[in-house]
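Visitor: Okay, handing you the structure first.
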Amino acid sequence: MFDPIHNWIYLHALKCVQRAVTRLIFITLVCQFSFNVYAQEEGEWVNVESASVEQSERYTKRRVGYYTYNNILVSDASALSDPLRIVVTNSSHAVLNADGINDNGLPYFDIVSLDEQTQIYFGMKRGELSYNAVVQEFVSADSPEENLLLVANMAPSSHWDNAALTSVVQGDSNEEAVATLEGAANSNVYIIFDIEQSNNLVFSFSQDNTSQNRVTSWEAAHKTDGGWVVLKSWSDANVGLNTFTANSNVSANKIRFRFRGPDGANLGINQLSVISKKDNSTPIPDTDPDGESILDTDLSGYTGYTDENGVTTVNVGFFENQVFDDNPEELIAESEFTDTVNDTARLKSALNKARKETDGGVVVLRANGNGQNRFSLAHIAVPSNVRIEVEPSVVLEMRGIKEDLYPTSKNDHKNKNKPNRQFLFSFGRSNGPGNLLADRVENVEVRSTVPGEKFSIDATSNMPHNYGYMNGGNGNGVVNLTRAIPIGLFYVKNFAISDINIEDNHTESVAVQMFADADYKDGAFAYRFGPQPIFLEERYVKNPEGSPNLNKPMNPLNIPLATNDKGDFIDDSGDVIPDMFAIKRNPTYGRTPVKGSIKNIKASHAHTGYGVVQVYGGDWIEIDNIEAFNGIGVRVEAGNGTDNDNFNRSGPYFSSMNKIAISNVKVTNGFTGVWLKPHSKIMKDISVENIEAIDSGTALLVGKGSFNCKARCRDLTRGRINNLVIKGDITLRQTVFDAPVAEVGNNITYLITDAHRRYLANLHGKTVEQLTRSDLQQKKVVGQQTPEQLAALTPDDFDNPSGTRWYKIFPTAPVLALSMLSKTEVGNQSAKEGFYPVDFSQANILSDGLPEDTLILYRGDMRNPNGTTATDFIYK
């Protein structure tokens with residue numbers, strides 16, 4: 001197509017109609033080849049009576065002429081066959097940028113997609129511009145090609161009569177395959193086929209006019225490394241033959257049909273086929289909306305776990321018990337639980353003995369015979385090859401503020417992080433960033449003595465609310481700064497945590513977290529200079545006054561690759577290397593957990609932005625049977641995503657998350673059941689199965705990488721999740737209707753329901769159009785708070801006990817697919833934008849009791865409180 005930016009000098013010469021006509025003749029000669037391709041095929045171009053061309057206003061381009069934008073309007077796109085073109089007729093001005101000339105001497109434009117606008121340039125000429133345009137399709141006289149579908153390569157959902165479906169696929173036009181819709185989500189009625197790698201694909205099926213077996217709409221998709229990509233979005237199905245022709249650039253070896261039927265009826269199909277219509281013309285390459293290649297990101301990602309010795313294992317698997325002890329050591333709770341009780345030293349001693357046993361050792365914590373069941377514990381750094389078992393009746397108290405009066409360590413006051421106050425159990429956590437562990441902690445477990453029955457961790461008694469101003473992180477305002485981390489998993493391999501009930505107090509942390517054991521220095525070996533991030537090959541660091549060398553050369557590790565005159569990073573051959581791969585990263589952020597199992601964990605009164613379980617980084621981890629009251633059930637996200645977050649500055653692979661299997665998650669009065677957010681990470685093979693959310697913001701939230709600096713911070717390129725599969729029942733249920741009780745964060749407030757907008761308008765005596773973000777919270781802590789005022793604050797002073805950064809809303813929709821613009825458009829998947837697809841084909845999405853029966857909301861659905869489109873946040 002014509003590019004006005006690069007060709008304006010050439011078009012400057014076209015100062016009159018005569019020269020415009022000369023260009024038209026030139027185009028005719030150049031395009032004769034493509035015309036002859038179709039001329040050699042038997043068939044003809046015919047007008048599409050059901051389609052029309054909508055013309056925009058006339059615009060003027062200096063030195064060129066006029067131009068318009070043209071959209072194709074069609075009632076049933078599935079009935080069209082490729083190729084398509086727009087033919088300009090009765091034009092008052094010469095057409096400058098046509099793709100070719102037809103037999104009647106009229107200019108035409110090849111159509112790549114019905115969703116794209118066609119820009120037409122016209123030569124300068126006095127008088128009003130006018131023209132007509134028609135849509136034509138090429139009707140081939142060729143015999144139909146062979147069906148690519150084979151019964152042996154068929155994987156239907158369980159709703160089909162498989163015998164009849166087999167006959168249909170084998171070509172029996174008298175047979176009808178029926179799918180039973182009772183108890184099934186319409187979008188879950190699918191058929192998946194493996195086919196021979198093919199392009200120029202035409203999808204089709206037929207149905208009769210019987211109301212009891214009616215198909216109302218259908219969808220077609222193909223599988224890529226990034227997941228299922230929709231080729232034909234949901235649209236009405238016709239009685240008789242239904243067809244869809246994919247873009248010629250699409251090549252597939254796995255395709256999927258999905259069908260929907262009317263309420264109370266089944267659906268039936270016959271003559272199901274996919275053929276490859278051979279096309280010898282040169283396909284037009286797909287272009288990126290921003291002119292960026294999707295190759296600037298990684299569509300394959302994780303290929304296996306590479307250990308510290310450089311050995312790569314493809315199938316690592318989850319936790320396997322390696323500790324066997326016939327005579328475990330038992331620790332009994334003190335007979336009387338006083339303020340001075342501290343069981344830390346004796347548990348550490350027992351674990352130190354256990355780790356030296358031949359097959360590992362077990363330490364069991366039991367209640368006292370008199371019924372006293374509490375242990376008081378400061379930070380326990382768990383060594384390798386041990387298992388801690390706890391009786392279900394036992395309560396493990398986190399010491400918290402007890403450490404102020406009765407410190408476990410004499411040196412605790414020197415430790416800025418105060419682990420004895422904040423941690424209970426840690427695994428593979430170094431003593432400090434300058435003293436990193438040489439070896440991983442391995443083969444460790446914490447569980448109940450009775451599998452399936454929970455023991456308790458008390459993160460409440462000694463963890464009071466401590467309201468103050470957040471220093472760093474997203475957002476601002478007064479928040480609860482108390483931090484309690486019952487389980488921290490760092491540089492560890494082969495671990496399991498199970499059967500725990502955690503009593504929290506909206507403390508600002510995740511109860512069970514998997515984290516990198518890093519040196520916490522720069523994540524990216526590249527400096528930022530000035531207000532804009534700049535990367536240069538030659539740069540010097542100015543030392544403080546009085547230093548022997550005022551201009552000390554930058555550490556070679558911190559020097560990125562050379563750049564070309566456009567600022568792109570280049571290799572020794574001058575080839576451009578995308579930012580994501582060019583910048584060197586800090587490898588200590590790759591010291592993350594691997595091969596783990598987290599099961600049967602519940603946390604009550606969790607912090608809104610945190611919750612029960614979070615993977616900040618790690619591979620091969622199964623997470624099952626997680627329950628949250630408030631907060632988030634399971635979160636998969638590295639760092640906080642701010643512009644200076646070193647976890648995300650460490651690039652796409654360090655602190656990434658791969659092979660994560662999440663199942664059976666429940667959340668009540670919380671943010672979401674599962675939140676997946678890649679930020680700058682390339683993640684792969686994540687599955688989520690069965691979520692129940694009650695009076696919560698949503699059940700599943702899939703985010704894309706977003707940074708305030710957008711594309712300006714070249715060290716923070718956008719990540720993605722490759723092969724994200726959602727399965728089972730994903731349910732959002734509303735039972736409280738008089739006031740919002742879901743405790744949520746900022747981004748979900750851009751997706752509140754219209755019913756919630758009306759609630760807010762009535763609450764504040766406004767119209768919906770007058771609502772602002774300040775109306776989202778009832779209770780506000782206004783103005784700068786003195787230390788005395790901060791100390792006097794209680795949870796009752798806030799709408800949400802976690803602080804002013806957080807909100808309460810009504811439930812929105814079961815799924816927020818914020819990594820996609822809409823159900824029909826994924827969005828720009830390059831590292832500049834970071835959209836990516838999600839496979840919902842195996843999910844049964846349910847909305848129960850909500851005023852709006854929307855099952856999935858997308859990023860393009862985000863709106864401000866007054867209902868206007870939140871454009872800036874959509875593309876953040």
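Residue numbers start at 1 in each chain; chains themselves are named A, B, ... in the order of the structure tokens; ligands are numbered from 1 in the order shown.
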Excluding Leu84 of chain A and residues on its chain fewer than 5 positions from it, collect all residues at most 10 Å away from it, counting only C-alpha atoms, and give them as a PDB file with N, CA, C and O atoms, in the first residue's frame.
Guide:
```pdb
ATOM      1  N   TRP A  45     -14.517 -12.025 -10.776  1.00  0.00           N
ATOM      2  CA  TRP A  45     -14.790 -11.053  -9.727  1.00  0.00           C
ATOM      3  C   TRP A  45     -16.241 -10.617  -9.831  1.00  0.00           C
ATOM      4  O   TRP A  45     -16.697 -10.231 -10.919  1.00  0.00           O
ATOM      5  N   VAL A  46     -16.940 -10.688  -8.698  1.00  0.00           N
ATOM      6  CA  VAL A  46     -18.357 -10.297  -8.707  1.00  0.00           C
ATOM      7  C   VAL A  46     -18.604  -9.315  -7.574  1.00  0.00           C
ATOM      8  O   VAL A  46     -17.932  -9.352  -6.537  1.00  0.00           O
ATOM      9  N   ASN A  47     -19.558  -8.411  -7.783  1.00  0.00           N
ATOM     10  CA  ASN A  47     -19.921  -7.455  -6.750  1.00  0.00           C
ATOM     11  C   ASN A  47     -20.591  -8.176  -5.578  1.00  0.00           C
ATOM     12  O   ASN A  47     -21.376  -9.105  -5.779  1.00  0.00           O
ATOM     13  N   VAL A  48     -20.275  -7.749  -4.359  1.00  0.00           N
ATOM     14  CA  VAL A  48     -20.921  -8.287  -3.163  1.00  0.00           C
ATOM     15  C   VAL A  48     -22.087  -7.369  -2.825  1.00  0.00           C
ATOM     16  O   VAL A  48     -21.884  -6.248  -2.324  1.00  0.00           O
ATOM     17  N   PHE A 109      -8.313  -1.918  -4.817  1.00  0.00           N
ATOM     18  CA  PHE A 109      -7.479  -2.073  -3.623  1.00  0.00           C
ATOM     19  C   PHE A 109      -7.739  -3.447  -3.019  1.00  0.00           C
ATOM     20  O   PHE A 109      -8.896  -3.788  -2.727  1.00  0.00           O
ATOM     21  N   ASP A 110      -6.668  -4.240  -2.863  1.00  0.00           N
ATOM     22  CA  ASP A 110      -6.816  -5.553  -2.236  1.00  0.00           C
ATOM     23  C   ASP A 110      -7.138  -5.394  -0.753  1.00  0.00           C
ATOM     24  O   ASP A 110      -6.573  -4.529  -0.073  1.00  0.00           O
ATOM     25  N   ILE A 111      -8.016  -6.224  -0.244  1.00  0.00           N
ATOM     26  CA  ILE A 111      -8.464  -6.152   1.146  1.00  0.00           C
ATOM     27  C   ILE A 111      -7.806  -7.270   1.939  1.00  0.00           C
ATOM     28  O   ILE A 111      -8.006  -8.450   1.643  1.00  0.00           O
ATOM     29  N   VAL A 112      -7.015  -6.885   2.937  1.00  0.00           N
ATOM     30  CA  VAL A 112      -6.371  -7.873   3.806  1.00  0.00           C
ATOM     31  C   VAL A 112      -7.328  -8.309   4.905  1.00  0.00           C
ATOM     32  O   VAL A 112      -7.431  -9.469   5.241  1.00  0.00           O
ATOM     33  N   SER A 113      -8.049  -7.348   5.472  1.00  0.00           N
ATOM     34  CA  SER A 113      -8.967  -7.641   6.572  1.00  0.00           C
ATOM     35  C   SER A 113     -10.161  -6.704   6.492  1.00  0.00           C
ATOM     36  O   SER A 113     -10.006  -5.515   6.176  1.00  0.00           O
ATOM     37  N   LEU A 114     -11.342  -7.230   6.796  1.00  0.00           N
ATOM     38  CA  LEU A 114     -12.541  -6.395   6.810  1.00  0.00           C
ATOM     39  C   LEU A 114     -12.499  -5.368   7.931  1.00  0.00           C
ATOM     40  O   LEU A 114     -13.234  -4.380   7.898  1.00  0.00           O
ATOM     41  N   VAL A 135     -17.554  -3.376  -3.295  1.00  0.00           N
ATOM     42  CA  VAL A 135     -16.771  -4.509  -2.805  1.00  0.00           C
ATOM     43  C   VAL A 135     -16.970  -5.681  -3.750  1.00  0.00           C
ATOM     44  O   VAL A 135     -18.115  -5.993  -4.128  1.00  0.00           O
ATOM     45  N   GLN A 136     -15.876  -6.319  -4.145  1.00  0.00           N
ATOM     46  CA  GLN A 136     -15.955  -7.487  -5.015  1.00  0.00           C
ATOM     47  C   GLN A 136     -15.245  -8.666  -4.351  1.00  0.00           C
ATOM     48  O   GLN A 136     -14.285  -8.495  -3.597  1.00  0.00           O
ATOM     49  N   GLU A 137     -15.746  -9.874  -4.644  1.00  0.00           N
ATOM     50  CA  GLU A 137     -15.069 -11.091  -4.211  1.00  0.00           C
ATOM     51  C   GLU A 137     -14.791 -11.949  -5.427  1.00  0.00           C
ATOM     52  O   GLU A 137     -15.503 -11.891  -6.431  1.00  0.00           O
ATOM     53  N   PHE A 138     -13.717 -12.746  -5.316  1.00  0.00           N
ATOM     54  CA  PHE A 138     -13.344 -13.615  -6.430  1.00  0.00           C
ATOM     55  C   PHE A 138     -13.999 -14.970  -6.232  1.00  0.00           C
ATOM     56  O   PHE A 138     -13.744 -15.654  -5.230  1.00  0.00           O
ATOM     57  N   VAL A 139     -14.856 -15.344  -7.149  1.00  0.00           N
ATOM     58  CA  VAL A 139     -15.565 -16.611  -7.077  1.00  0.00           C
ATOM     59  C   VAL A 139     -14.856 -17.609  -7.967  1.00  0.00           C
ATOM     60  O   VAL A 139     -14.798 -17.440  -9.187  1.00  0.00           O
TER      61      VAL A 139
END
```
Visitor: Determine, counting only C-alpha atoms, which protein, DNA and RNA residues have an atom within 10 Å of an atom of Tyr305 of chain A; residues of the same chain fewer than 3 positions away are not included. Present the result as a ChimeraX atom specification.
Guide: /A:302,308,310-316,594-595,619-620,658
Visitor: Closest to Met820 of chain A among A:Val229, A:Ile86, A:Leu716, A:Val612, using only C-alpha atoms?
Guide: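 Closest candidate: A:Val229.
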Visitor: So which one's closest to Ala755 of chain A, A:Gly719, A:Pro811, A:Gly590, A:Gly105? Using only C-alpha atoms, please.
Guide: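 Counting only C-alpha atoms, the residue closest to Ala755 of chain A is A:Pro811.
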Visitor: Do you know which residues are at most 10 Å from segment 737-739 of chain A counting only C-alpha atoms, after dropping those on the same chain fewer than 6 positions away, and could you put them as a VMD selection string?
Guide: chain A and resid 695 756 759 808 to 811 849 to 851
Visitor: Write down as a PDB file with all heavy atoms, in the first residue's frame the residues belonging to segment 549-700 of chain A that are assigned alpha helix (DSSP H) by DSSP computed on the backbone.
Guide:
```
ATOM      1  N   ASP A 579      15.579  -4.230  22.637  1.00  0.00           N
ATOM      2  CA  ASP A 579      15.960  -3.800  23.981  1.00  0.00           C
ATOM      3  C   ASP A 579      15.870  -4.935  24.992  1.00  0.00           C
ATOM      4  O   ASP A 579      16.708  -5.070  25.888  1.00  0.00           O
ATOM      5  CB  ASP A 579      15.049  -2.656  24.451  1.00  0.00           C
ATOM      6  CG  ASP A 579      15.221  -1.410  23.598  1.00  0.00           C
ATOM      7  OD1 ASP A 579      16.110  -1.400  22.729  1.00  0.00           O
ATOM      8  OD2 ASP A 579      14.452  -0.459  23.806  1.00  0.00           O
ATOM      9  N   MET A 580      14.799  -5.757  24.865  1.00  0.00           N
ATOM     10  CA  MET A 580      14.551  -6.821  25.832  1.00  0.00           C
ATOM     11  C   MET A 580      15.752  -7.748  25.973  1.00  0.00           C
ATOM     12  O   MET A 580      16.055  -8.241  27.059  1.00  0.00           O
ATOM     13  CB  MET A 580      13.307  -7.613  25.418  1.00  0.00           C
ATOM     14  CG  MET A 580      12.980  -8.779  26.318  1.00  0.00           C
ATOM     15  SD  MET A 580      11.488  -9.633  25.793  1.00  0.00           S
ATOM     16  CE  MET A 580      10.222  -8.500  26.341  1.00  0.00           C
ATOM     17  N   PHE A 581      16.471  -7.978  24.855  1.00  0.00           N
ATOM     18  CA  PHE A 581      17.560  -8.950  24.869  1.00  0.00           C
ATOM     19  C   PHE A 581      18.937  -8.285  24.909  1.00  0.00           C
ATOM     20  O   PHE A 581      19.926  -8.939  25.229  1.00  0.00           O
ATOM     21  CB  PHE A 581      17.476  -9.845  23.635  1.00  0.00           C
ATOM     22  CG  PHE A 581      16.124 -10.465  23.436  1.00  0.00           C
ATOM     23  CD1 PHE A 581      15.358 -10.186  22.321  1.00  0.00           C
ATOM     24  CD2 PHE A 581      15.601 -11.309  24.400  1.00  0.00           C
ATOM     25  CE1 PHE A 581      14.107 -10.750  22.151  1.00  0.00           C
ATOM     26  CE2 PHE A 581      14.353 -11.882  24.242  1.00  0.00           C
ATOM     27  CZ  PHE A 581      13.597 -11.596  23.120  1.00  0.00           C
ATOM     28  N   ALA A 582      19.003  -7.007  24.590  1.00  0.00           N
ATOM     29  CA  ALA A 582      20.304  -6.358  24.492  1.00  0.00           C
ATOM     30  C   ALA A 582      20.902  -6.006  25.846  1.00  0.00           C
ATOM     31  O   ALA A 582      22.100  -6.152  26.060  1.00  0.00           O
ATOM     32  CB  ALA A 582      20.181  -5.093  23.637  1.00  0.00           C
ATOM     33  N   ASN A 646      13.589  -3.274  40.659  1.00  0.00           N
ATOM     34  CA  ASN A 646      14.721  -4.050  40.168  1.00  0.00           C
ATOM     35  C   ASN A 646      14.358  -5.471  39.768  1.00  0.00           C
ATOM     36  O   ASN A 646      15.047  -6.075  38.945  1.00  0.00           O
ATOM     37  CB  ASN A 646      15.833  -4.066  41.227  1.00  0.00           C
ATOM     38  CG  ASN A 646      16.689  -2.823  41.167  1.00  0.00           C
ATOM     39  OD1 ASN A 646      17.098  -2.401  40.093  1.00  0.00           O
ATOM     40  ND2 ASN A 646      16.946  -2.215  42.313  1.00  0.00           N
ATOM     41  N   PHE A 647      13.314  -6.018  40.351  1.00  0.00           N
ATOM     42  CA  PHE A 647      12.908  -7.367  39.936  1.00  0.00           C
ATOM     43  C   PHE A 647      12.493  -7.360  38.466  1.00  0.00           C
ATOM     44  O   PHE A 647      12.763  -8.306  37.729  1.00  0.00           O
ATOM     45  CB  PHE A 647      11.775  -7.875  40.820  1.00  0.00           C
ATOM     46  CG  PHE A 647      12.250  -8.382  42.146  1.00  0.00           C
ATOM     47  CD1 PHE A 647      12.427  -7.510  43.212  1.00  0.00           C
ATOM     48  CD2 PHE A 647      12.566  -9.716  42.328  1.00  0.00           C
ATOM     49  CE1 PHE A 647      12.895  -7.961  44.428  1.00  0.00           C
ATOM     50  CE2 PHE A 647      13.023 -10.187  43.537  1.00  0.00           C
ATOM     51  CZ  PHE A 647      13.199  -9.305  44.602  1.00  0.00           C
ATOM     52  N   ASN A 648      11.839  -6.315  38.016  1.00  0.00           N
ATOM     53  CA  ASN A 648      11.456  -6.244  36.610  1.00  0.00           C
ATOM     54  C   ASN A 648      12.566  -5.673  35.741  1.00  0.00           C
ATOM     55  O   ASN A 648      12.653  -6.001  34.556  1.00  0.00           O
ATOM     56  CB  ASN A 648      10.167  -5.434  36.473  1.00  0.00           C
ATOM     57  CG  ASN A 648       8.970  -6.260  36.860  1.00  0.00           C
ATOM     58  OD1 ASN A 648       8.542  -7.134  36.119  1.00  0.00           O
ATOM     59  ND2 ASN A 648       8.438  -6.021  38.047  1.00  0.00           N
ATOM     60  N   ARG A 649      13.446  -4.862  36.313  1.00  0.00           N
ATOM     61  CA  ARG A 649      14.606  -4.403  35.555  1.00  0.00           C
ATOM     62  C   ARG A 649      15.560  -5.560  35.259  1.00  0.00           C
ATOM     63  O   ARG A 649      16.414  -5.457  34.381  1.00  0.00           O
ATOM     64  CB  ARG A 649      15.348  -3.308  36.316  1.00  0.00           C
ATOM     65  CG  ARG A 649      14.584  -1.997  36.428  1.00  0.00           C
ATOM     66  CD  ARG A 649      15.466  -0.884  36.964  1.00  0.00           C
ATOM     67  NE  ARG A 649      16.442  -0.490  35.972  1.00  0.00           N
ATOM     68  CZ  ARG A 649      17.672  -0.057  36.239  1.00  0.00           C
ATOM     69  NH1 ARG A 649      18.084   0.016  37.499  1.00  0.00           N
ATOM     70  NH2 ARG A 649      18.496   0.291  35.280  1.00  0.00           N
TER      71      ARG A 649
END
```
Visitor: Excluding Asn664 of chain A and its own-chain neighbours fewer than 3 positions away, which residues fall within 6 Å of it when counting only C-alpha atoms? Please give them as a list of chain:residue names.
Guide: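 In the requested format, the answer is A:Asp624, A:Asn625, A:Asn690, A:Ile691.
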Visitor: Mind pulling up the distance from atom CA of Thr358 of chain A to atom CA of Gly317 of chain A?
Guide: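 Pair atom CA of Gly317 of chain A / atom CA of Thr358 of chain A returns 24.2 Å.
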Visitor: Within 7 Å of segment 131-133 of chain A, counting only C-alpha atoms, which residues show up once you throw out same-chain ones fewer than 5 positions away? Write them as a ChimeraX atom specification, please.
Guide: /A:53,86-92
Visitor: For those residues, write C-alpha atoms to a file as a CSV table (one decimal), in the first residue's frame.
Guide:
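again_21.csv, written as the output of this step:
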```csv
chain,number,residue,atom,x,y,z
A,53,VAL,CA,-18.2,1.0,1.3
A,86,ILE,CA,-12.6,-2.4,-3.3
A,87,VAL,CA,-13.1,-1.1,-6.8
A,88,VAL,CA,-13.4,2.7,-7.3
A,89,THR,CA,-16.0,3.8,-9.8
A,90,ASN,CA,-17.0,7.2,-11.2
A,91,SER,CA,-14.2,9.1,-9.5
A,92,SER,CA,-13.9,12.8,-10.2
```
Visitor: For atom CA of Leu129 of chain A and atom CA of Ala98 of chain A, determine how far apart the two atoms are, in Å to one decimal place.
Guide: 16.8 Å
Visitor: As an exercise, work out the distance from atom CA of Asn242 of chain A to atom CA of Glu825 of chain A in Å and give it to one decimal place.
Guide: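 Interatomic distance, atom CA of Asn242 of chain A to atom CA of Glu825 of chain A: 22.0 Å.
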Visitor: Give me, as a Markdown table, the closest atom pair and its distance (Å, one decimal) for every residue of segment 55-171 of chain A within a cut-off of 7 Å of segment 187-194 of chain A, counting only C-alpha atoms, rows sorted by chain and rising number.
Guide:
```
| residue | atom | partner | partner_atom | distance |
| --- | --- | --- | --- | --- |
| A:Leu149 | CA | A:Phe193 | CA | 6.7 |
| A:Asn153 | CA | A:Asp194 | CA | 5.2 |
| A:Met154 | CA | A:Phe193 | CA | 4.7 |
| A:Ala155 | CA | A:Ile192 | CA | 5.0 |
| A:Pro156 | CA | A:Ile191 | CA | 4.1 |
| A:Ser157 | CA | A:Tyr190 | CA | 5.5 |
| A:His159 | CA | A:Val189 | CA | 6.6 |
```
Visitor: Emit the selected residues as a JSON list (two decimals), in the first residue's frame, including C-alpha atoms.
Guide:
```
[["chain", "number", "residue", "atom", "x", "y", "z"],
["A", 149, "LEU", "CA", -10.06, -32.83, 9.19],
["A", 153, "ASN", "CA", -6.89, -36.14, 15.08],
["A", 154, "MET", "CA", -10.13, -34.99, 16.71],
["A", 155, "ALA", "CA", -10.50, -33.86, 20.35],
["A", 156, "PRO", "CA", -14.11, -32.81, 21.05],
["A", 157, "SER", "CA", -15.51, -31.59, 24.35],
["A", 159, "HIS", "CA", -20.89, -32.74, 25.11]]
```
Visitor: From the set A:Gly123, A:Gly488, A:Gly567, A:Pro464, which residue has the shortest atom-to-atom contact distance to Thr68 of chain A, counting only C-alpha atoms?
Guide: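 For Thr68 of chain A, the nearest of the given residues is A:Gly123.
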